[in-house]
$ cat query_33.cif   # mmCIF, C-alpha atoms and all ligand atoms
data_structure
#
loop_
_atom_site.label_atom_id
_atom_site.label_comp_id
_atom_site.auth_asym_id
_atom_site.auth_seq_id
_atom_site.Cartn_x
_atom_site.Cartn_y
_atom_site.Cartn_z
CA MET A 13 -10.31 -3.66 34.75
CA GLY A 14 -13.22 -1.34 33.89
CA THR A 15 -16.85 -2.21 34.65
CA ASP A 16 -17.43 -3.03 30.97
CA GLY A 17 -14.62 -5.59 30.91
CA THR A 18 -12.12 -3.22 29.29
CA ARG A 19 -8.60 -3.77 30.48
CA GLU A 20 -6.00 -1.01 30.44
CA SER A 21 -3.81 -3.50 28.59
CA ASP A 22 -6.48 -4.40 26.01
CA ILE A 23 -4.50 -3.67 22.86
CA VAL A 24 -6.63 -3.24 19.76
CA LEU A 25 -4.95 -3.12 16.35
CA VAL A 26 -7.11 -1.53 13.67
CA GLY A 27 -6.18 -2.75 10.17
CA GLY A 28 -3.91 -5.56 9.06
CA GLY A 29 -1.34 -3.33 7.36
CA HIS A 30 2.40 -3.94 7.09
CA ALA A 31 3.28 -2.61 10.56
CA HIS A 32 0.55 -4.58 12.30
CA VAL A 33 1.50 -7.95 10.83
CA HIS A 34 4.87 -7.42 12.49
CA LEU A 35 3.08 -6.69 15.78
CA LEU A 36 1.15 -9.94 15.60
CA LYS A 37 4.37 -11.83 15.11
CA ALA A 38 6.26 -9.89 17.82
CA PHE A 39 3.47 -10.31 20.42
CA GLY A 40 3.07 -13.96 19.42
CA GLU A 41 6.77 -14.67 19.95
CA GLN A 42 6.98 -12.71 23.18
CA PRO A 43 3.47 -12.49 24.64
CA LEU A 44 2.51 -9.44 26.63
CA ALA A 45 1.73 -10.75 30.11
CA GLY A 46 -1.78 -9.80 31.21
CA SER A 47 -2.72 -8.24 27.86
CA ARG A 48 -5.20 -9.24 25.23
CA VAL A 49 -4.32 -8.37 21.65
CA THR A 50 -7.18 -7.94 19.14
CA LEU A 51 -6.87 -7.30 15.41
CA ILE A 52 -9.75 -5.66 13.55
CA ALA A 53 -9.36 -6.45 9.85
CA ARG A 54 -11.57 -5.48 6.93
CA ASP A 55 -9.77 -7.86 4.55
CA LEU A 56 -8.62 -11.24 5.83
CA MET A 57 -6.01 -11.55 3.10
CA THR A 58 -3.73 -8.53 3.32
CA PRO A 59 -1.53 -7.75 0.30
CA TYR A 60 2.24 -7.26 0.45
CA SER A 61 2.81 -4.15 -1.63
CA GLY A 62 6.25 -5.10 -2.92
CA MET A 63 4.84 -8.11 -4.78
CA LEU A 64 1.66 -6.50 -6.06
CA PRO A 65 2.97 -5.48 -9.50
CA GLY A 66 4.20 -9.09 -9.82
CA VAL A 67 0.68 -10.38 -9.09
CA VAL A 68 -0.74 -8.03 -11.71
CA ALA A 69 1.88 -9.05 -14.30
CA GLY A 70 1.15 -12.73 -13.60
CA PHE A 71 4.50 -13.58 -11.95
CA TYR A 72 3.04 -14.40 -8.51
CA ARG A 73 -0.08 -16.22 -7.43
CA PHE A 74 -2.52 -14.35 -5.17
CA ASP A 75 -1.55 -16.44 -2.11
CA GLU A 76 2.19 -15.83 -2.65
CA ALA A 77 1.69 -12.08 -2.22
CA HIS A 78 -0.96 -12.01 0.51
CA ILE A 79 -0.78 -12.71 4.22
CA ASP A 80 -3.59 -14.84 5.62
CA LEU A 81 -4.51 -12.80 8.71
CA ALA A 82 -6.84 -15.44 10.14
CA ALA A 83 -4.01 -17.99 10.06
CA LEU A 84 -1.47 -15.53 11.45
CA ALA A 85 -3.84 -14.46 14.24
CA ALA A 86 -4.52 -18.09 15.17
CA ALA A 87 -0.79 -18.89 15.20
CA THR A 88 0.06 -15.89 17.39
CA GLY A 89 -2.81 -16.07 19.89
CA THR A 90 -4.39 -12.85 18.58
CA ARG A 91 -8.15 -12.33 18.78
CA LEU A 92 -9.40 -11.51 15.29
CA VAL A 93 -12.45 -9.39 14.56
CA HIS A 94 -13.41 -9.42 10.89
CA GLY A 95 -14.90 -5.98 10.33
CA GLU A 96 -14.35 -2.44 9.13
CA ALA A 97 -13.60 0.32 11.62
CA VAL A 98 -15.58 3.49 10.92
CA GLY A 99 -14.99 5.50 14.08
CA LEU A 100 -13.40 5.81 17.48
CA ASP A 101 -15.35 6.71 20.62
CA ARG A 102 -12.37 8.04 22.56
CA GLU A 103 -14.36 8.91 25.67
CA GLY A 104 -15.85 5.45 25.91
CA LYS A 105 -12.58 3.95 24.55
CA ARG A 106 -14.22 1.87 21.84
CA VAL A 107 -13.56 1.25 18.18
CA ILE A 108 -16.80 1.52 16.22
CA LEU A 109 -17.33 -0.96 13.38
CA ALA A 110 -19.47 -0.57 10.25
CA SER A 111 -21.65 -3.40 11.56
CA GLY A 112 -22.55 -1.27 14.60
CA LEU A 113 -20.50 -3.46 16.95
CA THR A 114 -17.92 -1.79 19.17
CA VAL A 115 -14.60 -3.14 20.39
CA PRO A 116 -13.28 -1.77 23.71
CA TYR A 117 -9.62 -0.77 23.91
CA GLY A 118 -7.11 0.30 26.50
CA LEU A 119 -4.51 1.11 23.85
CA ALA A 120 -5.34 1.33 20.14
CA SER A 121 -3.09 1.30 17.11
CA ILE A 122 -4.23 2.26 13.61
CA ASP A 123 -2.61 0.92 10.40
CA VAL A 124 -5.38 1.07 7.78
CA GLY A 125 -3.51 2.54 4.79
CA ILE A 126 -5.04 5.10 2.45
CA GLN A 127 -8.04 5.44 0.22
CA PRO A 128 -7.95 6.62 -3.39
CA ASP A 129 -8.66 10.27 -4.09
CA LEU A 130 -11.51 10.02 -6.59
CA THR A 131 -12.79 13.54 -6.04
CA SER A 132 -10.14 15.71 -7.66
CA ILE A 133 -10.70 14.37 -11.21
CA GLU A 134 -14.22 14.69 -12.59
CA GLY A 135 -15.71 11.30 -13.51
CA ALA A 136 -12.96 9.33 -11.70
CA ALA A 137 -15.36 7.66 -9.27
CA GLN A 138 -17.62 6.56 -12.11
CA HIS A 139 -15.14 5.61 -14.83
CA GLY A 140 -11.76 5.21 -13.11
CA ILE A 141 -10.23 1.98 -11.79
CA ALA A 142 -8.81 2.77 -8.34
CA VAL A 143 -5.86 0.68 -7.22
CA LYS A 144 -6.99 0.70 -3.56
CA PRO A 145 -8.52 -1.26 -1.94
CA ILE A 146 -6.33 -3.88 -3.57
CA ALA A 147 -8.93 -6.67 -3.24
CA ALA A 148 -11.43 -4.67 -5.28
CA PHE A 149 -8.73 -3.71 -7.76
CA LEU A 150 -7.78 -7.34 -8.42
CA VAL A 151 -11.42 -8.13 -9.23
CA LYS A 152 -11.51 -5.15 -11.64
CA LEU A 153 -8.26 -6.34 -13.20
CA GLU A 154 -9.91 -9.64 -14.13
CA ARG A 155 -12.80 -7.72 -15.72
CA LEU A 156 -10.31 -5.57 -17.62
CA ARG A 157 -8.49 -8.68 -18.89
CA ALA A 158 -11.78 -10.17 -20.08
CA ALA A 159 -12.74 -6.92 -21.82
CA ALA A 160 -9.33 -6.65 -23.53
CA ARG A 161 -9.64 -10.27 -24.72
CA ALA A 162 -13.13 -9.53 -26.02
CA GLY A 163 -11.81 -6.45 -27.83
CA THR A 164 -14.12 -4.06 -25.99
CA VAL A 165 -11.15 -2.37 -24.30
CA ARG A 166 -8.37 -1.23 -26.63
CA HIS A 167 -6.99 1.94 -25.06
CA VAL A 168 -5.72 1.64 -21.49
CA ALA A 169 -4.52 4.71 -19.60
CA ALA A 170 -3.10 5.28 -16.13
CA VAL A 171 -3.25 8.59 -14.29
CA GLY A 172 -0.39 9.14 -11.82
CA GLY A 173 3.35 9.09 -12.47
CA GLY A 174 4.71 7.97 -9.09
CA ALA A 175 6.36 4.58 -8.61
CA ALA A 176 3.02 2.80 -8.05
CA GLY A 177 1.54 4.29 -11.24
CA VAL A 178 4.54 3.41 -13.39
CA GLU A 179 4.83 -0.13 -12.00
CA LEU A 180 1.12 -0.73 -12.35
CA MET A 181 0.91 0.58 -15.91
CA LEU A 182 3.82 -1.64 -17.01
CA ALA A 183 2.47 -4.68 -15.14
CA VAL A 184 -1.04 -4.29 -16.58
CA ARG A 185 0.47 -3.91 -20.04
CA THR A 186 2.48 -7.14 -19.64
CA ARG A 187 -0.63 -9.04 -18.56
CA LEU A 188 -2.95 -7.74 -21.28
CA VAL A 189 -0.37 -8.18 -24.03
CA ALA A 190 0.28 -11.79 -22.88
CA ASP A 191 -3.48 -12.49 -22.97
CA VAL A 192 -3.86 -11.05 -26.46
CA ILE A 193 -0.83 -12.98 -27.77
CA ALA A 194 -2.22 -16.18 -26.20
CA ASP A 195 -5.41 -15.55 -28.18
CA GLY A 196 -3.37 -15.27 -31.37
CA ARG A 197 -4.06 -11.56 -31.83
CA ASP A 198 -1.70 -8.71 -32.61
CA PRO A 199 -0.63 -7.00 -29.34
CA ARG A 200 -0.51 -3.74 -31.29
CA SER A 201 -4.30 -3.76 -31.15
CA LEU A 202 -3.84 -2.47 -27.59
CA ALA A 203 -2.63 1.07 -26.81
CA PHE A 204 -1.25 2.27 -23.47
CA THR A 205 -0.87 5.80 -22.09
CA LEU A 206 0.58 7.15 -18.85
CA ILE A 207 -0.59 10.61 -17.79
CA THR A 208 0.99 12.58 -14.97
CA ALA A 209 0.49 16.12 -13.67
CA GLU A 210 4.15 16.47 -12.69
CA GLU A 211 7.20 14.95 -14.28
CA LEU A 212 7.59 11.20 -14.16
CA LEU A 213 8.78 9.78 -10.78
CA PRO A 214 9.23 13.24 -9.26
CA THR A 215 10.78 11.98 -6.01
CA HIS A 216 13.51 10.05 -7.85
CA HIS A 217 16.79 11.09 -9.45
CA VAL A 218 16.91 12.29 -13.05
CA ARG A 219 18.78 9.09 -14.01
CA VAL A 220 15.91 6.94 -12.75
CA ARG A 221 13.49 9.10 -14.68
CA ALA A 222 15.60 8.70 -17.83
CA SER A 223 15.53 4.90 -17.45
CA PHE A 224 11.77 4.81 -17.14
CA ARG A 225 11.23 7.21 -20.04
CA ARG A 226 13.30 4.80 -22.13
CA ILE A 227 11.52 1.69 -20.80
CA LEU A 228 8.06 3.19 -21.40
CA ALA A 229 9.04 4.20 -24.94
CA GLU A 230 10.45 0.71 -25.67
CA ARG A 231 7.16 -0.81 -24.57
CA ARG A 232 5.17 1.72 -26.60
CA VAL A 233 3.52 3.35 -23.60
CA ALA A 234 2.76 6.96 -24.59
CA LEU A 235 3.87 9.31 -21.82
CA HIS A 236 2.27 12.68 -21.05
CA GLU A 237 4.24 14.52 -18.36
CA GLY A 238 3.24 17.81 -16.76
CA ARG A 239 -0.28 17.39 -18.09
CA PRO A 240 -2.88 16.94 -15.34
CA ALA A 241 -5.96 14.87 -16.11
CA VAL A 242 -9.07 16.87 -15.22
CA ALA A 243 -11.91 14.59 -16.34
CA ILE A 244 -12.48 10.96 -17.18
CA ALA A 245 -15.32 9.80 -19.42
CA ALA A 246 -16.27 6.35 -20.73
CA ASP A 247 -13.97 6.60 -23.74
CA HIS A 248 -11.42 9.32 -23.03
CA VAL A 249 -9.42 11.33 -20.52
CA ARG A 250 -9.50 15.11 -20.75
CA LEU A 251 -6.34 16.99 -19.82
CA GLY A 252 -5.99 20.46 -18.27
CA ASP A 253 -4.88 21.94 -21.60
CA GLY A 254 -8.13 20.76 -23.24
CA ALA A 255 -6.61 17.82 -25.15
CA THR A 256 -8.38 14.46 -25.01
CA ILE A 257 -6.76 11.05 -24.97
CA ALA A 258 -8.65 7.95 -26.06
CA ALA A 259 -9.06 5.58 -23.12
CA ASP A 260 -11.70 2.98 -22.41
CA ALA A 261 -10.09 1.88 -19.14
CA VAL A 262 -8.33 4.31 -16.78
CA LEU A 263 -6.25 3.24 -13.76
CA ILE A 264 -6.08 5.82 -10.98
CA THR A 265 -2.86 5.98 -8.95
CA THR A 266 -2.81 9.66 -8.07
CA ARG A 267 -2.09 10.97 -4.59
CA ALA A 268 -3.67 9.12 -1.73
CA ALA A 269 -6.41 10.47 0.48
CA ALA A 270 -6.85 9.81 4.20
CA PRO A 271 -9.69 7.53 5.32
CA ALA A 272 -12.72 9.83 5.75
CA TRP A 273 -13.66 8.42 9.19
CA PHE A 274 -10.55 9.91 10.80
CA ALA A 275 -12.24 13.34 10.73
CA SER A 276 -14.92 12.28 13.22
CA THR A 277 -12.49 10.88 15.81
CA GLY A 278 -11.19 14.20 17.14
CA LEU A 279 -7.67 12.81 16.74
CA ALA A 280 -5.01 15.28 15.56
CA LEU A 281 -4.73 15.29 11.78
CA ASP A 282 -2.29 16.88 9.35
CA ARG A 283 -3.59 19.28 6.69
CA ARG A 284 -4.43 16.39 4.34
CA GLY A 285 -6.39 14.49 6.99
CA PHE A 286 -3.81 11.85 7.96
CA LEU A 287 -3.25 11.00 11.64
CA ALA A 288 -0.60 13.32 13.07
CA VAL A 289 1.88 11.24 15.08
CA GLY A 290 4.97 12.16 17.04
CA PRO A 291 8.26 10.22 17.09
CA THR A 292 6.82 7.63 19.53
CA LEU A 293 4.09 6.86 16.95
CA GLN A 294 1.42 8.14 19.35
CA VAL A 295 -1.17 10.49 17.87
CA ILE A 296 -0.09 13.88 19.19
CA ASN A 297 -3.31 14.60 21.11
CA ASP A 298 -3.99 11.09 22.48
CA ALA A 299 -1.27 9.03 24.16
CA ASP A 300 -3.48 5.92 24.05
CA VAL A 301 -3.76 5.89 20.28
CA PHE A 302 -0.83 4.93 18.06
CA ALA A 303 -0.71 4.97 14.26
CA ALA A 304 1.71 3.80 11.57
CA GLY A 305 2.02 3.24 7.84
CA ASP A 306 0.42 5.30 5.09
CA CYS A 307 -2.48 6.48 7.29
CA ALA A 308 -0.09 8.30 9.66
CA GLU A 309 2.01 11.41 9.13
CA LEU A 310 5.18 11.66 11.20
CA ILE A 311 4.97 15.34 12.02
CA GLU A 312 8.64 15.78 12.94
CA THR A 313 10.09 13.50 10.29
CA PRO A 314 7.69 13.38 7.33
CA ARG A 315 8.41 10.56 4.89
CA GLU A 316 6.86 9.51 1.60
CA LYS A 317 3.97 7.06 1.88
CA SER A 318 5.50 3.71 1.06
CA GLY A 319 5.42 0.13 2.21
CA VAL A 320 9.07 0.41 3.22
CA TYR A 321 8.29 2.87 6.04
CA ALA A 322 5.14 0.97 7.03
CA VAL A 323 7.25 -2.18 7.44
CA ARG A 324 10.00 -0.34 9.34
CA ALA A 325 7.51 1.21 11.76
CA GLY A 326 6.49 -2.29 12.92
CA GLU A 327 9.39 -2.79 15.33
CA PRO A 328 9.27 0.60 17.13
CA LEU A 329 5.48 0.38 17.27
CA ALA A 330 5.61 -3.06 18.91
CA GLY A 331 8.23 -1.82 21.37
CA ASN A 332 6.26 1.27 22.33
CA LEU A 333 2.94 -0.54 22.74
CA ARG A 334 4.75 -3.01 24.97
CA ARG A 335 6.29 -0.19 27.00
CA ARG A 336 2.95 1.59 27.39
CA ALA A 337 1.24 -1.65 28.44
CA HIS A 338 3.94 -2.10 31.10
CA GLY A 339 3.61 1.51 32.30
CA GLN A 340 6.97 2.57 30.85
CA PRO A 341 7.51 5.65 28.67
CA PRO A 342 7.63 4.99 24.90
CA ILE A 343 10.84 5.88 23.08
CA PRO A 344 11.16 7.97 19.90
CA TRP A 345 11.77 6.48 16.47
CA TRP A 346 13.72 8.41 13.86
CA PRO A 347 13.19 6.75 10.46
CA GLN A 348 16.04 6.96 7.99
CA LYS A 349 15.74 9.68 5.36
CA ARG A 350 16.48 7.63 2.28
CA HIS A 351 15.69 4.11 1.32
CA LEU A 352 16.39 1.80 -1.57
CA SER A 353 13.48 1.61 -4.00
CA LEU A 354 13.36 -1.41 -6.29
CA ILE A 355 10.96 -0.36 -9.04
CA THR A 356 9.67 -3.08 -11.35
CA THR A 357 9.26 -2.62 -15.08
CA GLY A 358 6.46 -5.07 -15.85
CA GLU A 359 9.04 -7.73 -16.61
CA ARG A 360 11.50 -9.62 -14.43
CA TYR A 361 13.67 -6.51 -14.52
CA VAL A 362 14.11 -3.81 -11.89
CA VAL A 363 15.46 -0.26 -11.65
CA ALA A 364 17.04 0.43 -8.24
CA SER A 365 16.94 3.99 -6.92
CA ARG A 366 18.50 5.50 -3.82
CA GLY A 367 19.22 9.23 -3.83
CA PRO A 368 21.55 9.87 -6.77
CA LEU A 369 22.37 6.16 -7.17
CA LYS A 370 20.74 4.14 -9.93
CA ALA A 371 21.24 0.61 -11.21
CA GLU A 372 19.09 -1.67 -13.30
CA GLY A 373 18.95 -5.22 -14.52
CA ALA A 374 17.39 -8.64 -14.35
CA TRP A 375 19.73 -9.48 -11.43
CA LEU A 376 17.94 -6.81 -9.37
CA TRP A 377 14.66 -8.63 -9.99
CA THR A 378 16.27 -11.79 -8.60
CA LEU A 379 17.40 -9.82 -5.55
CA LYS A 380 13.98 -8.19 -5.07
CA ASP A 381 12.21 -11.52 -5.48
CA TRP A 382 14.45 -13.01 -2.79
CA ILE A 383 13.87 -10.08 -0.39
CA ASP A 384 10.10 -10.14 -0.92
CA ARG A 385 9.73 -13.90 -0.57
CA ARG A 386 11.88 -13.86 2.58
CA TRP A 387 9.66 -11.14 4.10
CA MET A 388 6.50 -13.08 3.26
CA ARG A 389 7.94 -16.31 4.68
CA ALA A 390 8.32 -14.66 8.08
CA TYR A 391 4.52 -14.35 8.29
CA GLN A 392 3.42 -17.35 6.27
CA VAL A 393 5.67 -19.78 8.22
CA GLN A 394 4.00 -18.52 11.37
CA ALA A 395 0.64 -19.27 9.88
CA SER A 396 1.59 -22.80 8.88
CA THR A 397 2.66 -23.65 12.44
CA ARG A 398 -0.95 -23.64 13.63
C1 LIG B 401 0.75 -0.95 -7.40
C2 LIG B 401 1.47 -0.55 -6.15
C3 LIG B 401 2.79 -0.93 -5.97
C4 LIG B 401 3.47 -0.56 -4.83
N1 LIG B 401 4.76 -0.98 -4.70
C5 LIG B 401 5.43 -0.64 -3.60
C6 LIG B 401 6.78 -1.09 -3.43
O1 LIG B 401 7.34 -1.80 -4.26
N2 LIG B 401 7.42 -0.73 -2.29
C7 LIG B 401 6.83 0.06 -1.36
O2 LIG B 401 7.47 0.37 -0.34
N3 LIG B 401 5.56 0.50 -1.48
C8 LIG B 401 4.86 0.17 -2.58
N4 LIG B 401 3.57 0.61 -2.73
C9 LIG B 401 2.97 1.43 -1.67
C10 LIG B 401 2.42 0.51 -0.60
O3 LIG B 401 1.39 -0.29 -1.14
C11 LIG B 401 1.86 1.24 0.60
O4 LIG B 401 2.73 2.25 1.00
C12 LIG B 401 1.68 0.24 1.75
O5 LIG B 401 0.72 -0.73 1.40
C13 LIG B 401 1.25 0.94 3.04
O6 LIG B 401 1.11 -0.03 4.03
P1 LIG B 401 0.09 0.21 5.23
O7 LIG B 401 0.45 -0.79 6.26
O8 LIG B 401 0.12 1.62 5.62
O9 LIG B 401 -1.35 -0.05 4.62
P2 LIG B 401 -1.98 -1.19 3.73
O10 LIG B 401 -0.94 -2.07 3.15
O11 LIG B 401 -2.90 -0.48 2.79
O12 LIG B 401 -2.83 -2.05 4.76
C14 LIG B 401 -3.97 -1.55 5.37
C15 LIG B 401 -4.81 -2.70 5.87
O13 LIG B 401 -5.85 -2.18 6.65
C16 LIG B 401 -7.09 -2.75 6.25
N5 LIG B 401 -8.12 -1.74 6.46
C17 LIG B 401 -8.31 -0.61 5.76
N6 LIG B 401 -9.30 0.13 6.30
C18 LIG B 401 -9.74 -0.57 7.35
C19 LIG B 401 -10.74 -0.32 8.32
N7 LIG B 401 -11.46 0.81 8.30
N8 LIG B 401 -10.95 -1.25 9.30
C20 LIG B 401 -10.22 -2.38 9.36
N9 LIG B 401 -9.25 -2.67 8.45
C21 LIG B 401 -9.00 -1.76 7.48
C22 LIG B 401 -6.92 -3.14 4.80
O14 LIG B 401 -7.78 -4.22 4.49
C23 LIG B 401 -5.44 -3.55 4.77
O15 LIG B 401 -5.29 -4.92 5.11
C24 LIG B 401 2.84 0.24 -3.85
C25 LIG B 401 1.50 0.61 -4.01
C26 LIG B 401 0.83 0.23 -5.15
C27 LIG B 401 -0.60 0.65 -5.31
#

$ encode --input "query_33.cif" --output "structure tokens" --more "lines below"
Ligand SMILES: Cc1cc2nc3c(=O)[nH]c(=O)nc-3n(C[C@H](O)[C@H](O)[C@H](O)COP(=O)(O)OP(=O)(O)OC[C@H]3O[C@@H](n4cnc5c(N)ncnc54)[C@H](O)[C@@H]3O)c2cc1C
Amino acid sequence: MGTDGTRESDIVLVGGGHAHVHLLKAFGEQPLAGSRVTLIARDLMTPYSGMLPGVVAGFYRFDEAHIDLAALAAATGTRLVHGEAVGLDREGKRVILASGLTVPYGLASIDVGIQPDLTSIEGAAQHGIAVKPIAAFLVKLERLRAAARAGTVRHVAAVGGGAAGVELMLAVRTRLVADVIADGRDPRSLAFTLITAEELLPTHHVRVRASFRRILAERRVALHEGRPAVAIAADHVRLGDGATIAADAVLITTRAAAPAWFASTGLALDRRGFLAVGPTLQVINDADVFAAGDCAELIETPREKSGVYAVRAGEPLAGNLRRRAHGQPPIPWWPQKRHLSLITTGERYVVASRGPLKAEGAWLWTLKDWIDRRWMRAYQVQASTR
């Protein structure tokens, strides 16, 4: 033990992301002898990404799609620090919090997700509705619903044509249309537009794209592909070709940015500022710092930023932290190249995509709902055993 009370086996988890909730459970079930596990969490209710569009559409309650980190920490014997990490003093081996407090670590692991990129589109920070952090987004969603009911918002646009953008646009549409119908108004008083710089769902097969082009058209969501948004104002979006699109609310789901505080840590970063990790999930220039989920870039096996990989990293991360704490060498993790994406359509209907394979139907919603609820139960059951 160091003079300041730091133990080599003091394991500090920064962020309650998908990989870290698995760690809490794993270390709770099989405690690490002689180690103290601490979780630093900015938000005490952490969202499960798979169910988020369902929350937005009104299919799930908030608590059904969020993990109560305080309850999970209590059930697993984890020390919880409610705070936001803003730096890492690697020489002094401390995590620095926004409050000015510091938390000493022997081994640290970072799973803090991404932040929205509000700098590449003029006016986005002022007029756009960023989807992350999710807690702030859900508050803004309620304001948007109230404005649509009051008739002060009539044109809703989303910028970003990846899976999150498409799901979110369709889920928001479902919710606003349901509100307007409940008020006895014509849902056609609302207009929806999806704007994307590339083609729709660029990482998916052409058949998946065709399904979503059809679904968007059926739901009267105007689609602008290959047309980057360059500026957002209070009542419109301006595109790169000079055209303007009426919009009094604009959701931003464009490419993610890395948390800005990473730059001051001296940790190895990739060219976009994400933590550069090797196959053992250790940052490549610091064996005592691990990282997983969207905030990390696997240098040897880059994968798209998705909840699926953040969840899958949980097990190897737990194993390697355990090995390091016991003085054993960590072992590499090689994530699979492809995964099944179950993309929701704003209704209880899903399009499944895996490489060239595509299927769709209401039965896939039933399957997805079962998978998601089962995943959540693993962490909520823990919490209820306090
Ligand atoms: C609308 C939408 C739908 C999506 N649907 C899917 C889907 O169906 N399937 C899928 O695989 N992916 C989906 N994604 C992507 C998915 O949300 C992310 O890939 C996933 O959340 C990444 O998990 P993570 O563990 O890296 O980070 P996160 O889930 O973002 O968790 C990070 C945690 O760290 C905390 N935190 C952040 N900063 C700090 C800090 N400085 N200090 C302390 N704590 C901090 C946050 O409060 C949060 O609890 C979707 C995304 C969106 C926006």

$ closest_residue --input "query_33.cif" --among "A:Ala175, A:Leu279, A:Trp387, A:Val143" --to "Val323 (chain A)" --atoms "all atoms listed in the file"
A:Trp387

$ residues_near_ligand --input "query_33.cif" --ligand "ligand LIG 401 (chain B)" --cutoff "8 Å" --atoms "all atoms listed in the file" --output "short mmCIF file (atom, residue, chain, number, x, y, z; two decimals) with C-alpha atoms, in the coordinates of the input"
data_model
loop_
_atom_site.label_atom_id
_atom_site.label_comp_id
_atom_site.auth_asym_id
_atom_site.auth_seq_id
_atom_site.Cartn_x
_atom_site.Cartn_y
_atom_site.Cartn_z
CA VAL A 26 -7.11 -1.53 13.67
CA GLY A 27 -6.18 -2.75 10.17
CA GLY A 28 -3.91 -5.56 9.06
CA GLY A 29 -1.34 -3.33 7.36
CA HIS A 30 2.40 -3.94 7.09
CA ALA A 31 3.28 -2.61 10.56
CA HIS A 32 0.55 -4.58 12.30
CA ILE A 52 -9.75 -5.66 13.55
CA ALA A 53 -9.36 -6.45 9.85
CA ARG A 54 -11.57 -5.48 6.93
CA ASP A 55 -9.77 -7.86 4.55
CA LEU A 56 -8.62 -11.24 5.83
CA MET A 57 -6.01 -11.55 3.10
CA THR A 58 -3.73 -8.53 3.32
CA PRO A 59 -1.53 -7.75 0.30
CA TYR A 60 2.24 -7.26 0.45
CA SER A 61 2.81 -4.15 -1.63
CA GLY A 62 6.25 -5.10 -2.92
CA MET A 63 4.84 -8.11 -4.78
CA LEU A 64 1.66 -6.50 -6.06
CA PRO A 65 2.97 -5.48 -9.50
CA HIS A 94 -13.41 -9.42 10.89
CA GLY A 95 -14.90 -5.98 10.33
CA GLU A 96 -14.35 -2.44 9.13
CA ALA A 97 -13.60 0.32 11.62
CA VAL A 98 -15.58 3.49 10.92
CA LEU A 109 -17.33 -0.96 13.38
CA ASP A 123 -2.61 0.92 10.40
CA VAL A 124 -5.38 1.07 7.78
CA GLY A 125 -3.51 2.54 4.79
CA ILE A 126 -5.04 5.10 2.45
CA VAL A 143 -5.86 0.68 -7.22
CA LYS A 144 -6.99 0.70 -3.56
CA PRO A 145 -8.52 -1.26 -1.94
CA ILE A 146 -6.33 -3.88 -3.57
CA ALA A 175 6.36 4.58 -8.61
CA ALA A 176 3.02 2.80 -8.05
CA GLY A 177 1.54 4.29 -11.24
CA GLU A 179 4.83 -0.13 -12.00
CA LEU A 180 1.12 -0.73 -12.35
CA THR A 265 -2.86 5.98 -8.95
CA PRO A 271 -9.69 7.53 5.32
CA TRP A 273 -13.66 8.42 9.19
CA ALA A 304 1.71 3.80 11.57
CA GLY A 305 2.02 3.24 7.84
CA ASP A 306 0.42 5.30 5.09
CA CYS A 307 -2.48 6.48 7.29
CA ALA A 308 -0.09 8.30 9.66
CA LYS A 317 3.97 7.06 1.88
CA SER A 318 5.50 3.71 1.06
CA GLY A 319 5.42 0.13 2.21
CA VAL A 320 9.07 0.41 3.22
CA TYR A 321 8.29 2.87 6.04
CA ALA A 322 5.14 0.97 7.03
CA VAL A 323 7.25 -2.18 7.44
CA SER A 353 13.48 1.61 -4.00
CA LEU A 354 13.36 -1.41 -6.29
CA ILE A 355 10.96 -0.36 -9.04
CA THR A 356 9.67 -3.08 -11.35
#

$ closest_residue --input "query_33.cif" --among "A:Ala234, A:Gly196, A:Gln392, A:Leu352" --to "Lys380 (chain A)" --atoms "all atoms listed in the file"
A:Leu352

$ closest_residue --input "query_33.cif" --among "A:Lys370, A:Lys105, A:Thr208, A:Ala120" --to "Val249 (chain A)" --atoms "all atoms listed in the file"
A:Thr208

$ closest_residue --input "query_33.cif" --among "A:Ala169, A:Ala159, A:Ala325, A:Pro341" --to "Thr256 (chain A)" --atoms "all atoms listed in the file"
A:Ala169

$ atom_distance --input "query_33.cif" --atom1 "CA of Glu103 (chain A)" --atom2 "CA of Ile122 (chain A)"
17.1 Å

$ closest_residue --input "query_33.cif" --among "A:Ala147, A:Ser21, A:Gly40, A:Leu182" --to "Phe74 (chain A)" --atoms "only C-alpha atoms"
A:Ala147

$ closest_residue --input "query_33.cif" --among "A:Ala148, A:Leu212, A:Ala245, A:Leu202" --to "Ile133 (chain A)" --atoms "only C-alpha atoms"
A:Ala245

$ residues_around --input "query_33.cif" --residues "Glu309 (chain A)" --least-positions-apart "4" --cutoff "10 Å" --atoms "all atoms listed in the file" --output "PyMOL selection string"
chain A and resi 281-290+293+295+303-305+313-317

$ write_last_selection --input "query_33.cif" --atoms "C-alpha atoms" --output "short mmCIF file (atom, residue, chain, number, x, y, z; two decimals), in the coordinates of the input"
data_model
loop_
_atom_site.label_atom_id
_atom_site.label_comp_id
_atom_site.auth_asym_id
_atom_site.auth_seq_id
_atom_site.Cartn_x
_atom_site.Cartn_y
_atom_site.Cartn_z
CA LEU A 281 -4.73 15.29 11.78
CA ASP A 282 -2.29 16.88 9.35
CA ARG A 283 -3.59 19.28 6.69
CA ARG A 284 -4.43 16.39 4.34
CA GLY A 285 -6.39 14.49 6.99
CA PHE A 286 -3.81 11.85 7.96
CA LEU A 287 -3.25 11.00 11.64
CA ALA A 288 -0.60 13.32 13.07
CA VAL A 289 1.88 11.24 15.08
CA GLY A 290 4.97 12.16 17.04
CA LEU A 293 4.09 6.86 16.95
CA VAL A 295 -1.17 10.49 17.87
CA ALA A 303 -0.71 4.97 14.26
CA ALA A 304 1.71 3.80 11.57
CA GLY A 305 2.02 3.24 7.84
CA THR A 313 10.09 13.50 10.29
CA PRO A 314 7.69 13.38 7.33
CA ARG A 315 8.41 10.56 4.89
CA GLU A 316 6.86 9.51 1.60
CA LYS A 317 3.97 7.06 1.88
#
